[in-house]
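I have placed the structure first, in the form of structure tokens, so that the comments after it can refer back to it.
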Amino acid sequence: MDACLRLLGKELKLMKGWMLGSIAILVTVGLLGAWSAYQKPIGLISLLMIVILFIHVFYVPAYLWISLSKEWKGTYLNWLQFPQSGWTLLATKMLSAVISLCISYAIAYAFFFGIGHLDLNNTHLPAQLVDPNGFDPSVNIRYMQGSFLSVFSMVLYMSLSLGVWILLLNITIQAVRRKLQKFSGFVTFVLFTFLFWAELTFSGTKMYSALTKWGAFSGDSVWAHLQMHAGEIVFGLLEMAVFFFVAGWLLDRKVEV
């Protein structure tokens, strides 16, 4: 346990600069947004902050790609010689990415919540922001303020799903590169093009529907609005587990020091 905690600390230290830099940018945007909303609270800044919240879907994959890239640039000799298995090494990177995501999302949500209150206190929204089709910024702001757990769970799930794809892609690139000096990029491209095609093809089959179209979400959660099913979540989690297992196996067996 102590070894895993030390390894987690090493991962957080490795990405400290990137994490602090992204937080600094987020805080700068949030402060400028708060000042703009205070000067002219018309709902636009709150909508921008909502977009930033959903952009966090790409946080884990970006974090993992940068973290692994740092390893391959010079520290992988030490990294791969840790006594832990490849799955443990990758799991600590995933956990580090999730911790960083939670911190970044919490800061973004705090700014959104405060800016949203400024906008909601202005009862005279410009007419052009409330169109004939019923789009009203205040409705979206109130929904996001009252659906923190629902939205965050969706962002976390999607970010982890993309993150596992990136994890497998990055490790596969290194494994193929160590076996094939030439054409490694082409081989990796063909492999993942086929994998992505197979994923899309299978998702359109009756078998996929039978396996996943159960347990429809109801109520006012973001999952219900996206018409998601519990079966799709379970299938996605199983797929993540398989991809993670393959990535760890490749790291242990095919990525040589």
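Identifiers in the structure tokens: chain A, B, ... in order shown; residue index from 1 per chain; ligand index from 1 in order shown.
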Fill in: Shell around A:Lys13 at 12 Å using only C-alpha atoms, local window under 2 positions removed, as a list in words
Arg6, Leu7, Leu8, Gly9, Lys10, Glu11, Met15, Lys16, Gly17, Trp18, Met19, Leu20, Ser67, Lys70, Lys93, Ser96, Ala97 and Ser100 of chain A
Writing out the chosen residues with all heavy atoms as a compact mmCIF listing (two decimals), in the first residue's frame:
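Everything below was put into part-v3.txt:
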# COMPACT_ATOMS: atom_id res chain seq x y z
N ARG A 6 3.32 5.97 -2.75
CA ARG A 6 4.52 6.67 -3.23
C ARG A 6 4.49 6.81 -4.75
O ARG A 6 4.88 7.85 -5.30
CB ARG A 6 5.78 5.91 -2.80
CG ARG A 6 6.11 6.05 -1.32
CD ARG A 6 7.55 5.63 -1.04
NE ARG A 6 7.78 4.22 -1.38
CZ ARG A 6 7.61 3.23 -0.52
NH1 ARG A 6 7.18 3.47 0.73
NH2 ARG A 6 7.84 1.98 -0.89
N LEU A 7 4.00 5.78 -5.42
CA LEU A 7 3.90 5.83 -6.87
C LEU A 7 2.86 6.87 -7.30
O LEU A 7 3.07 7.61 -8.27
CB LEU A 7 3.51 4.45 -7.41
CG LEU A 7 3.52 4.27 -8.93
CD1 LEU A 7 4.89 4.60 -9.51
CD2 LEU A 7 3.12 2.84 -9.29
N LEU A 8 1.75 6.95 -6.55
CA LEU A 8 0.74 7.97 -6.84
C LEU A 8 1.31 9.37 -6.64
O LEU A 8 1.07 10.28 -7.45
CB LEU A 8 -0.49 7.77 -5.94
CG LEU A 8 -1.61 8.80 -6.08
CD1 LEU A 8 -2.17 8.81 -7.49
CD2 LEU A 8 -2.71 8.52 -5.06
N GLY A 9 2.09 9.54 -5.57
CA GLY A 9 2.74 10.83 -5.33
C GLY A 9 3.68 11.19 -6.46
O GLY A 9 3.78 12.36 -6.87
N LYS A 10 4.40 10.18 -6.97
CA LYS A 10 5.30 10.42 -8.10
C LYS A 10 4.52 10.87 -9.33
O LYS A 10 4.94 11.77 -10.07
CB LYS A 10 6.09 9.14 -8.37
CG LYS A 10 6.95 9.17 -9.63
CD LYS A 10 6.27 8.46 -10.77
CE LYS A 10 7.09 8.48 -12.05
NZ LYS A 10 6.35 7.97 -13.21
N GLU A 11 3.35 10.25 -9.58
CA GLU A 11 2.54 10.62 -10.73
C GLU A 11 2.02 12.06 -10.60
O GLU A 11 2.04 12.83 -11.57
CB GLU A 11 1.35 9.66 -10.87
CG GLU A 11 1.72 8.21 -11.09
CD GLU A 11 2.45 7.98 -12.40
OE1 GLU A 11 2.39 8.85 -13.29
OE2 GLU A 11 3.10 6.93 -12.53
N MET A 15 3.03 15.43 -13.04
CA MET A 15 2.07 16.25 -13.78
C MET A 15 1.71 17.54 -13.04
O MET A 15 0.75 18.22 -13.41
CB MET A 15 0.80 15.43 -14.04
CG MET A 15 1.00 14.29 -15.02
SD MET A 15 1.44 14.87 -16.67
CE MET A 15 -0.12 15.61 -17.17
N LYS A 16 2.47 17.87 -12.01
CA LYS A 16 2.15 19.05 -11.21
C LYS A 16 2.16 20.32 -12.04
O LYS A 16 1.26 21.16 -11.94
CB LYS A 16 3.12 19.19 -10.04
CG LYS A 16 2.84 20.38 -9.13
CD LYS A 16 3.78 20.42 -7.94
CE LYS A 16 5.21 20.69 -8.37
NZ LYS A 16 6.12 20.87 -7.20
N GLY A 17 3.17 20.48 -12.87
CA GLY A 17 3.26 21.68 -13.69
C GLY A 17 2.08 21.84 -14.63
O GLY A 17 1.50 22.92 -14.75
N TRP A 18 1.73 20.73 -15.30
CA TRP A 18 0.60 20.78 -16.24
C TRP A 18 -0.71 21.06 -15.50
O TRP A 18 -1.53 21.86 -15.96
CB TRP A 18 0.50 19.45 -16.99
CG TRP A 18 -0.51 19.46 -18.09
CD1 TRP A 18 -0.34 19.88 -19.37
CD2 TRP A 18 -1.89 19.03 -18.00
NE1 TRP A 18 -1.50 19.73 -20.08
CE2 TRP A 18 -2.46 19.21 -19.27
CE3 TRP A 18 -2.67 18.51 -16.98
CZ2 TRP A 18 -3.79 18.89 -19.55
CZ3 TRP A 18 -3.99 18.18 -17.23
CH2 TRP A 18 -4.54 18.37 -18.51
N MET A 19 -0.89 20.41 -14.35
CA MET A 19 -2.13 20.59 -13.60
C MET A 19 -2.25 22.01 -13.07
O MET A 19 -3.30 22.64 -13.19
CB MET A 19 -2.19 19.59 -12.43
CG MET A 19 -3.49 19.65 -11.65
SD MET A 19 -3.59 18.41 -10.35
CE MET A 19 -2.32 18.96 -9.23
N LEU A 20 -1.16 22.55 -12.49
CA LEU A 20 -1.20 23.91 -11.97
C LEU A 20 -1.38 24.92 -13.09
O LEU A 20 -2.08 25.94 -12.93
CB LEU A 20 0.07 24.22 -11.18
CG LEU A 20 0.26 23.44 -9.87
CD1 LEU A 20 1.59 23.80 -9.23
CD2 LEU A 20 -0.89 23.72 -8.91
N SER A 67 1.00 12.58 -19.64
CA SER A 67 1.75 11.87 -18.61
C SER A 67 2.60 10.74 -19.22
O SER A 67 3.78 10.60 -18.91
CB SER A 67 0.80 11.30 -17.57
OG SER A 67 1.49 10.55 -16.59
N LYS A 70 5.53 12.04 -21.20
CA LYS A 70 6.65 12.42 -20.34
C LYS A 70 7.49 11.19 -19.96
O LYS A 70 8.72 11.26 -19.88
CB LYS A 70 6.14 13.11 -19.08
CG LYS A 70 5.62 14.54 -19.30
CD LYS A 70 5.07 15.10 -17.99
CE LYS A 70 4.60 16.54 -18.15
NZ LYS A 70 5.74 17.47 -18.30
N LYS A 93 -1.75 6.09 -12.68
CA LYS A 93 -1.90 7.20 -13.62
C LYS A 93 -3.38 7.57 -13.77
O LYS A 93 -3.73 8.75 -13.82
CB LYS A 93 -1.29 6.85 -14.98
CG LYS A 93 0.23 6.89 -14.99
CD LYS A 93 0.78 6.89 -16.40
CE LYS A 93 2.30 7.00 -16.39
NZ LYS A 93 2.78 8.29 -15.87
N SER A 96 -4.46 9.33 -10.59
CA SER A 96 -3.91 10.69 -10.60
C SER A 96 -4.72 11.60 -11.52
O SER A 96 -5.01 12.75 -11.18
CB SER A 96 -2.44 10.64 -11.05
OG SER A 96 -1.91 11.94 -11.21
N ALA A 97 -5.09 11.07 -12.70
CA ALA A 97 -5.88 11.85 -13.64
C ALA A 97 -7.26 12.19 -13.08
O ALA A 97 -7.76 13.31 -13.23
CB ALA A 97 -6.02 11.08 -14.95
N SER A 100 -7.00 14.93 -10.41
CA SER A 100 -6.81 16.23 -11.06
C SER A 100 -8.09 16.71 -11.72
O SER A 100 -8.41 17.90 -11.68
CB SER A 100 -5.69 16.13 -12.11
OG SER A 100 -4.47 15.75 -11.51
Per residue of stretch 55-114 of chain A within 12 Å of stretch 28-50 of chain A, what are the shortest atom pair and its distance in Å to one decimal, counting only C-alpha atoms, with rows by chain and residue number, as JSON lines?
{"residue": "A:Ile55", "atom": "CA", "partner": "A:Ile50", "partner_atom": "CA", "distance": 8.7}
{"residue": "A:His56", "atom": "CA", "partner": "A:Ile50", "partner_atom": "CA", "distance": 10.3}
{"residue": "A:Ser104", "atom": "CA", "partner": "A:Gly30", "partner_atom": "CA", "distance": 11.8}
{"residue": "A:Tyr105", "atom": "CA", "partner": "A:Met49", "partner_atom": "CA", "distance": 10.8}
{"residue": "A:Ile107", "atom": "CA", "partner": "A:Gly30", "partner_atom": "CA", "distance": 8.8}
{"residue": "A:Ala108", "atom": "CA", "partner": "A:Met49", "partner_atom": "CA", "distance": 7.2}
{"residue": "A:Tyr109", "atom": "CA", "partner": "A:Met49", "partner_atom": "CA", "distance": 7.9}
{"residue": "A:Ala110", "atom": "CA", "partner": "A:Gly30", "partner_atom": "CA", "distance": 9.1}
{"residue": "A:Phe111", "atom": "CA", "partner": "A:Gly30", "partner_atom": "CA", "distance": 5.7}
{"residue": "A:Phe112", "atom": "CA", "partner": "A:Met49", "partner_atom": "CA", "distance": 5.5}
{"residue": "A:Phe113", "atom": "CA", "partner": "A:Ser46", "partner_atom": "CA", "distance": 8.3}
{"residue": "A:Gly114", "atom": "CA", "partner": "A:Ala34", "partner_atom": "CA", "distance": 7.7}
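One distance worth recording is that between atom CA of A:Leu53 and atom CA of A:Leu120, which is 18.5 Å.
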Discussion item. Measuring between only C-alpha atoms, which one of A:Leu169, A:Ser209, A:Ala24, A:Phe58 shows the shortest distance to A:Leu156?
Written reply: A:Phe58
Discussion item. Going by DSSP on the backbone, which residues of stretch 42-203 of chain A come out as alpha helix (DSSP H)? List them as number ranges by chain.
Written reply: A: 44-55, 59-70, 76-79, 86-120, 137-146, 148-179, 184-203
Discussion item. Let me make sure I understand: among A:Leu149, A:Leu5, A:Ala175, A:Leu14, which one has the smallest atom-to-atom distance to A:Trp249 if we use only C-alpha atoms?
Written reply: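 So, comparing all the options, the nearest one is A:Ala175.
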Discussion item. Just to confirm, what's the straight-line distance from atom CA of A:Leu238 to atom CA of A:Gly204 in Å (one decimal)?
Written reply: 18.1 Å
Which residues are close to A:Leu68, i.e. within 12 Å by only C-alpha atoms, leaving aside same-chain residues fewer than 6 positions away? Reply as a compact mmCIF listing (two decimals) with C-alpha atoms, in the first residue's frame.
# COMPACT_ATOMS: atom_id res chain seq x y z
CA GLU A 11 2.54 10.62 -10.73
CA LEU A 14 5.20 14.41 -12.65
CA MET A 15 2.07 16.25 -13.78
CA PRO A 61 -7.48 11.44 -21.99
CA ALA A 62 -5.38 14.63 -22.35
CA GLY A 74 13.25 9.92 -20.53
CA THR A 75 11.86 8.47 -17.31
CA TYR A 76 10.39 5.20 -18.62
CA TRP A 79 9.16 3.79 -14.41
CA LEU A 80 9.13 0.31 -15.91
CA LEU A 89 1.46 1.52 -12.86
CA LEU A 90 -1.38 2.43 -15.22
CA THR A 92 -1.97 5.04 -10.50
CA LYS A 93 -1.90 7.20 -13.62
CA MET A 94 -5.67 6.82 -13.96
CA ALA A 97 -5.88 11.85 -13.64
CA GLY A 163 -9.07 7.94 -21.25
CA ILE A 166 -6.05 6.82 -25.15
CA LEU A 167 -4.25 4.61 -22.63
CA LEU A 168 -4.51 1.59 -24.91
CA LEU A 169 -3.54 3.63 -27.98
CA ASN A 170 -0.44 5.08 -26.34
CA ILE A 171 0.78 1.75 -24.95
CA THR A 172 0.07 0.02 -28.29
CA ILE A 173 2.15 2.63 -30.12
CA GLN A 174 5.10 1.91 -27.82
CA LEU A 251 3.13 -2.82 -20.84
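Near A:Phe186, within 12 Å and counting only C-alpha atoms, sit Ile173, Val176, Arg177, Leu180, Gln181, Leu191, Phe192 and Thr193 of chain A, not including residues fewer than 5 positions from it in the same chain.
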Near A:Asp220, counting only C-alpha atoms, which residues have an atom at most 12 Å away, once you skip same-chain residues fewer than 2 positions from it, shown as a compact mmCIF listing (two decimals) with N, CA and C atoms, in the first residue's frame?
# COMPACT_ATOMS: atom_id res chain seq x y z
N TYR A 143 -30.84 24.47 -14.15
CA TYR A 143 -30.72 23.01 -14.26
C TYR A 143 -29.32 22.56 -13.88
N MET A 144 -28.30 23.25 -14.39
CA MET A 144 -26.92 22.87 -14.10
C MET A 144 -26.59 23.07 -12.62
N GLY A 146 -28.63 22.72 -10.18
CA GLY A 146 -29.33 21.71 -9.37
C GLY A 146 -29.00 20.28 -9.74
N SER A 147 -28.09 20.08 -10.69
CA SER A 147 -27.78 18.73 -11.17
C SER A 147 -26.29 18.44 -11.12
N PHE A 148 -25.65 18.89 -10.06
CA PHE A 148 -24.19 18.75 -9.95
C PHE A 148 -23.76 17.29 -10.07
N LEU A 149 -24.31 16.41 -9.23
CA LEU A 149 -23.88 15.01 -9.22
C LEU A 149 -24.19 14.31 -10.53
N SER A 150 -25.36 14.61 -11.08
CA SER A 150 -25.77 13.98 -12.34
C SER A 150 -24.81 14.34 -13.46
N VAL A 151 -24.53 15.62 -13.60
CA VAL A 151 -23.66 16.08 -14.69
C VAL A 151 -22.22 15.61 -14.46
N PHE A 217 -32.90 5.31 -17.88
CA PHE A 217 -32.90 6.29 -16.81
C PHE A 217 -34.15 7.17 -16.92
N SER A 218 -34.67 7.55 -15.78
CA SER A 218 -35.86 8.40 -15.76
C SER A 218 -35.59 9.61 -14.87
N VAL A 222 -29.22 14.10 -16.18
CA VAL A 222 -28.66 14.28 -17.52
C VAL A 222 -28.64 12.96 -18.28
N TRP A 223 -28.54 11.84 -17.54
CA TRP A 223 -28.58 10.53 -18.19
C TRP A 223 -29.92 10.30 -18.88
N ALA A 224 -31.00 10.73 -18.22
CA ALA A 224 -32.33 10.58 -18.81
C ALA A 224 -32.49 11.48 -20.02
N HIS A 225 -31.98 12.71 -19.94
CA HIS A 225 -32.07 13.64 -21.06
C HIS A 225 -31.31 13.11 -22.28
N LEU A 226 -30.23 12.38 -22.04
CA LEU A 226 -29.45 11.79 -23.13
C LEU A 226 -30.00 10.45 -23.58
N GLN A 227 -31.11 10.01 -22.94
CA GLN A 227 -31.77 8.75 -23.26
C GLN A 227 -30.80 7.56 -23.12
Worksheet entry | Exercise: A:Met240 partners within 10 Å, only C-alpha atoms, chain neighbours under 3 positions left out, as a ChimeraX atom specification | /A:160-165,168,234-237,243-246
Write the residues you've just listed into a file as a CSV table (one decimal), in the first residue's frame, and include N, CA, C and O atoms for each of them.
chain,number,residue,atom,x,y,z
A,160,LEU,N,-13.4,9.0,-18.4
A,160,LEU,CA,-12.7,7.7,-18.2
A,160,LEU,C,-12.8,6.8,-19.4
A,160,LEU,O,-11.8,6.1,-19.8
A,161,SER,N,-13.9,6.8,-20.1
A,161,SER,CA,-14.1,6.0,-21.3
A,161,SER,C,-13.1,6.4,-22.4
A,161,SER,O,-12.4,5.5,-23.0
A,162,LEU,N,-13.0,7.7,-22.6
A,162,LEU,CA,-12.0,8.2,-23.6
A,162,LEU,C,-10.6,8.0,-23.1
A,162,LEU,O,-9.7,7.7,-23.9
A,163,GLY,N,-10.4,8.1,-21.8
A,163,GLY,CA,-9.1,7.9,-21.2
A,163,GLY,C,-8.5,6.5,-21.4
A,163,GLY,O,-7.3,6.4,-21.7
A,164,VAL,N,-9.4,5.5,-21.3
A,164,VAL,CA,-8.9,4.1,-21.5
A,164,VAL,C,-8.6,3.9,-22.9
A,164,VAL,O,-7.6,3.2,-23.2
A,165,TRP,N,-9.3,4.5,-23.9
A,165,TRP,CA,-9.0,4.4,-25.3
A,165,TRP,C,-7.6,5.0,-25.5
A,165,TRP,O,-6.7,4.4,-26.2
A,168,LEU,N,-4.8,2.7,-24.1
A,168,LEU,CA,-4.5,1.6,-24.9
A,168,LEU,C,-3.8,2.0,-26.2
A,168,LEU,O,-2.8,1.4,-26.6
A,234,VAL,N,-23.1,-0.3,-18.1
A,234,VAL,CA,-22.4,-1.6,-17.7
A,234,VAL,C,-21.5,-2.1,-18.8
A,234,VAL,O,-20.4,-2.5,-18.6
A,235,PHE,N,-22.1,-2.1,-20.1
A,235,PHE,CA,-21.3,-2.5,-21.2
A,235,PHE,C,-20.0,-1.6,-21.4
A,235,PHE,O,-18.9,-2.2,-21.6
A,236,GLY,N,-20.2,-0.3,-21.2
A,236,GLY,CA,-19.0,0.6,-21.3
A,236,GLY,C,-18.0,0.3,-20.2
A,236,GLY,O,-16.8,0.3,-20.5
A,237,LEU,N,-18.4,0.0,-19.0
A,237,LEU,CA,-17.5,-0.3,-17.9
A,237,LEU,C,-16.7,-1.6,-18.2
A,237,LEU,O,-15.5,-1.7,-17.9
A,243,PHE,N,-10.1,-3.1,-22.1
A,243,PHE,CA,-9.0,-2.2,-22.7
A,243,PHE,C,-7.9,-2.0,-21.7
A,243,PHE,O,-6.7,-2.0,-22.0
A,244,PHE,N,-8.3,-1.8,-20.4
A,244,PHE,CA,-7.3,-1.5,-19.4
A,244,PHE,C,-6.4,-2.8,-19.2
A,244,PHE,O,-5.2,-2.7,-19.0
A,245,PHE,N,-7.1,-4.0,-19.2
A,245,PHE,CA,-6.3,-5.2,-19.0
A,245,PHE,C,-5.3,-5.4,-20.1
A,245,PHE,O,-4.2,-5.8,-19.9
A,246,VAL,N,-5.8,-5.2,-21.4
A,246,VAL,CA,-4.9,-5.3,-22.5
A,246,VAL,C,-3.7,-4.3,-22.5
A,246,VAL,O,-2.6,-4.7,-22.7
Practice prompt. Go through A:Glu199, A:Trp72, A:Gly86, A:Leu26 one by one, measure the shortest atom-to-atom distance of each to A:Ile52 using only C-alpha atoms, and give the residue with the smallest value.
Written response: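 Of A:Glu199, A:Trp72, A:Gly86, A:Leu26, the one nearest A:Ile52 is A:Leu26, counting only C-alpha atoms.
Among the candidates A:Ser184, A:Thr212, A:Thr201, A:Ser159, the one nearest to A:Val57 when counting only C-alpha atoms is A:Ser159.
One distance worth recording is that between atom CA of A:Ala106 and atom CA of A:Glu71, which is 27.8 Å.
Residue nearest A:Tyr157 within the list A:Val60, A:Pro137, A:Gln145, A:Ile103: A:Val60 [criterion: smallest interatomic distance, only C-alpha atoms].
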